[in-house]
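Peer 1: Take a look at my_file-v1.pdb, PDB, C-alpha atoms:
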ATOM      1  CA  MET A   1      19.205 -86.237 -42.411
ATOM      2  CA  SER A   2      22.646 -87.636 -43.030
ATOM      3  CA  TYR A   3      25.158 -86.525 -45.608
ATOM      4  CA  SER A   4      26.263 -88.549 -48.642
ATOM      5  CA  LEU A   5      29.770 -90.024 -48.632
ATOM      6  CA  LYS A   6      32.285 -89.957 -51.465
ATOM      7  CA  GLN A   7      35.763 -91.497 -51.377
ATOM      8  CA  SER A   8      38.901 -89.864 -52.715
ATOM      9  CA  ARG A   9      41.440 -92.032 -54.525
ATOM     10  CA  ARG A  10      43.859 -91.772 -51.585
ATOM     11  CA  PHE A  11      41.164 -92.986 -49.191
ATOM     12  CA  ALA A  12      40.146 -95.859 -51.480
ATOM     13  CA  ARG A  13      43.735 -97.103 -51.802
ATOM     14  CA  ALA A  14      44.295 -96.966 -48.023
ATOM     15  CA  TYR A  15      40.918 -98.588 -47.312
ATOM     16  CA  LYS A  16      41.634-101.457 -49.688
ATOM     17  CA  LYS A  17      44.786-102.361 -47.723
ATOM     18  CA  LEU A  18      43.053-102.526 -44.331
ATOM     19  CA  HIS A  19      42.180-105.802 -42.626
ATOM     20  CA  ASP A  20      38.498-106.738 -42.651
ATOM     21  CA  ASN A  21      37.896-105.996 -38.962
ATOM     22  CA  VAL A  22      39.572-102.568 -39.212
ATOM     23  CA  ALA A  23      37.601-101.833 -42.404
ATOM     24  CA  ALA A  24      34.392-102.601 -40.494
ATOM     25  CA  ASP A  25      35.405-100.063 -37.831
ATOM     26  CA  VAL A  26      36.139 -97.495 -40.592
ATOM     27  CA  ASP A  27      32.671 -98.133 -42.028
ATOM     28  CA  ALA A  28      31.132 -97.531 -38.601
ATOM     29  CA  ALA A  29      33.155 -94.316 -38.158
ATOM     30  CA  SER A  30      32.085 -93.151 -41.631
ATOM     31  CA  GLU A  31      28.429 -93.621 -40.707
ATOM     32  CA  ILE A  32      28.927 -91.630 -37.499
ATOM     33  CA  VAL A  33      30.519 -88.800 -39.488
ATOM     34  CA  ALA A  34      27.739 -88.924 -42.106
ATOM     35  CA  GLY A  35      25.178 -88.471 -39.342
ATOM     36  CA  ASN A  36      26.994 -85.537 -37.726
ATOM     37  CA  PRO A  37      29.873 -83.970 -39.725
ATOM     38  CA  ALA A  38      30.664 -81.533 -36.917
ATOM     39  CA  ILE A  39      31.792 -84.404 -34.666
ATOM     40  CA  GLY A  40      35.329 -84.250 -36.053
ATOM     41  CA  GLU A  41      38.040 -81.816 -35.035
ATOM     42  CA  ARG A  42      38.800 -79.044 -37.540
ATOM     43  CA  LYS A  43      42.494 -78.682 -38.375
ATOM     44  CA  LYS A  44      44.430 -75.421 -38.634
ATOM     45  CA  GLY A  45      47.023 -73.990 -40.991
ATOM     46  CA  ASP A  46      47.672 -75.820 -44.262
ATOM     47  CA  LEU A  47      44.896 -78.312 -43.569
ATOM     48  CA  ALA A  48      42.265 -75.773 -42.469
ATOM     49  CA  ASP A  49      39.474 -77.316 -44.567
ATOM     50  CA  LEU A  50      40.068 -80.806 -43.123
ATOM     51  CA  PHE A  51      38.142 -82.412 -40.282
ATOM     52  CA  VAL A  52      39.556 -85.421 -38.425
ATOM     53  CA  TYR A  53      37.511 -88.001 -36.538
ATOM     54  CA  LYS A  54      39.516 -90.207 -34.172
ATOM     55  CA  PHE A  55      38.479 -93.774 -33.360
ATOM     56  CA  ARG A  56      40.066 -96.922 -31.973
ATOM     57  CA  SER A  57      40.417-100.238 -33.757
ATOM     58  CA  GLN A  58      42.545-103.194 -32.695
ATOM     59  CA  ASN A  59      43.822-101.159 -29.706
ATOM     60  CA  GLN A  60      45.291 -98.548 -32.060
ATOM     61  CA  LEU A  61      44.168 -94.991 -32.715
ATOM     62  CA  TYR A  62      43.015 -94.387 -36.295
ATOM     63  CA  LEU A  63      42.182 -91.079 -37.943
ATOM     64  CA  LEU A  64      39.502 -90.471 -40.555
ATOM     65  CA  GLY A  65      40.175 -87.269 -42.492
ATOM     66  CA  TYR A  66      37.309 -85.668 -44.405
ATOM     67  CA  THR A  67      36.057 -82.431 -45.896
ATOM     68  CA  VAL A  68      32.447 -81.240 -45.946
ATOM     69  CA  ASP A  69      30.557 -79.581 -48.810
ATOM     70  CA  GLU A  70      27.495 -78.016 -47.169
ATOM     71  CA  ALA A  71      25.940 -76.861 -50.456
ATOM     72  CA  VAL A  72      25.326 -80.405 -51.734
ATOM     73  CA  ARG A  73      25.398 -82.179 -48.317
ATOM     74  CA  LEU A  74      28.393 -84.284 -49.301
ATOM     75  CA  ILE A  75      31.332 -85.546 -47.253
ATOM     76  CA  TYR A  76      34.575 -86.328 -49.074
ATOM     77  CA  LEU A  77      36.541 -89.035 -47.264
ATOM     78  CA  GLU A  78      40.141 -87.895 -47.816
ATOM     79  CA  ALA A  79      42.329 -90.270 -45.788
ATOM     80  CA  VAL A  80      42.283 -93.021 -43.195
ATOM     81  CA  GLY A  81      45.035 -94.618 -41.187
ATOM     82  CA  PRO A  82      47.047 -94.515 -38.002
ATOM     83  CA  HIS A  83      48.405 -91.172 -36.856
ATOM     84  CA  GLU A  84      51.928 -91.788 -38.147
ATOM     85  CA  ASN A  85      52.589 -89.708 -41.255
ATOM     86  CA  LEU A  86      48.898 -89.094 -42.045
ATOM     87  CA  TYR A  87      49.134 -85.310 -41.805
ATOM     88  CA  ARG A  88      52.465 -85.205 -43.656
ATOM     89  CA  ASP A  89      51.024 -87.193 -46.555
ATOM     90  CA  LEU A  90      47.921 -84.993 -46.699
ATOM     91  CA  LYS A  91      50.024 -81.836 -46.849
ATOM     92  CA  ARG A  92      51.940 -83.189 -49.845
ATOM     93  CA  SER A  93      48.813 -83.537 -51.977
TER      94      SER A  93
END
Would you mind giving the structure from this file in structure tokens?

Peer 2:
Amino acid sequence: MSYSLKQSRRFARAYKKLHDNVAADVDAASEIVAGNPAIGERKKGDLADLFVYKFRSQNQLYLLGYTVDEAVRLIYLEAVGPHENLYRDLKRS
């Protein structure tokens, strides 16, 4: 049984700016994560509650950051984008 997905405002703004073919790859990555939330790598330190799933689109590495709420089987999509500055921006919020 897969988890439900919910977008944060940061994720929605970043997703809206993506090209259609990259957005399709993000949708596919989101479905993979919804099926198995443990597939992502858990971060350490300030971002200890964050999981990151890495995938390729347009020959570039993209990261999908998410948190998991086991009690209600919900995945919060926190951020998406290339590696540059993704972690820095997440730490600021």

Peer 1: Record the distance separating CA of Ser93 in chain A and CA of Lys43 in chain A, expressed in Å with one decimal.

Peer 2: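 Here the two named atoms are 15.8 Å from each other.
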
Peer 1: Would you list the contacts of range 48-60 of chain A as a PyMOL selection string, taking every protein, DNA or RNA residue within 9 Å and counting all atoms listed in the file, but skipping same-chain residues closer than 6 positions in sequence?

Peer 2: chain A and resi 21-22+25-26+29+33+37-42+66-68+78+82

Peer 1: Got time to write the residues from that selection, C-alpha atoms, as a JSON list (two decimals), in the coordinates of the input?

Peer 2:
[["chain", "number", "residue", "atom", "x", "y", "z"],
["A", 21, "ASN", "CA", 37.90, -106.00, -38.96],
["A", 22, "VAL", "CA", 39.57, -102.57, -39.21],
["A", 25, "ASP", "CA", 35.40, -100.06, -37.83],
["A", 26, "VAL", "CA", 36.14, -97.50, -40.59],
["A", 29, "ALA", "CA", 33.16, -94.32, -38.16],
["A", 33, "VAL", "CA", 30.52, -88.80, -39.49],
["A", 37, "PRO", "CA", 29.87, -83.97, -39.72],
["A", 38, "ALA", "CA", 30.66, -81.53, -36.92],
["A", 39, "ILE", "CA", 31.79, -84.40, -34.67],
["A", 40, "GLY", "CA", 35.33, -84.25, -36.05],
["A", 41, "GLU", "CA", 38.04, -81.82, -35.03],
["A", 42, "ARG", "CA", 38.80, -79.04, -37.54],
["A", 66, "TYR", "CA", 37.31, -85.67, -44.40],
["A", 67, "THR", "CA", 36.06, -82.43, -45.90],
["A", 68, "VAL", "CA", 32.45, -81.24, -45.95],
["A", 78, "GLU", "CA", 40.14, -87.90, -47.82],
["A", 82, "PRO", "CA", 47.05, -94.52, -38.00]]

Peer 1: For Leu77 in chain A, find every residue with an atom within 8 Å (counting all atoms listed in the file), except residues of its own chain fewer than 5 positions away, and show them as a ChimeraX atom specification.

Peer 2: /A:5-8,11,64-67

Peer 1: So, with all atoms listed in the file as the atoms that count, which of A:Tyr76, A:Glu31, A:Arg88, A:Leu18 lies closest to Tyr62 in chain A?

Peer 2: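 Once distances to Tyr62 in chain A are computed over all atoms listed in the file, the minimum belongs to A:Leu18.
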
Peer 1: Can you work out the spacing between CA of Asp89 in chain A and CA of Lys17 in chain A in Å, to one decimal?

Peer 2: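 Spanning CA of Asp89 in chain A to CA of Lys17 in chain A is a straight-line distance of 16.4 Å.
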
Peer 1: The residues within 8 Å of (51.9, -77.7, -42.5), using all atoms listed in the file and the coordinates of the file, should be reported as a list of chain:residue names; which are they?

Peer 2: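 Those within range, by chain then number, are A:Gly45, A:Asp46, A:Leu47, A:Arg88, A:Lys91.
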
Peer 1: In Å, rounded to a single decimal, give me how far CA of Leu63 in chain A is from CA of Gly81 in chain A.

Peer 2: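 About the pair CA of Gly81 in chain A and CA of Leu63 in chain A: they are 5.6 Å apart.
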
Peer 1: Where's the centre, and what are the edge lengths in Å to one decimal, of a box along x, y and z enclosing all listed atoms of range 16-29 of chain A padded 6 Å per side, as AutoDock Vina command-line options?

Peer 2:
--center_x 38.0 --center_y -100.5 --center_z -43.8 --size_x 25.7 --size_y 24.4 --size_z 23.9

Peer 1: Tell me which of A:Arg92, A:Arg9, A:His19, A:His83 sits closest to Leu61 in chain A, counting all atoms listed in the file.

Peer 2: A:His83
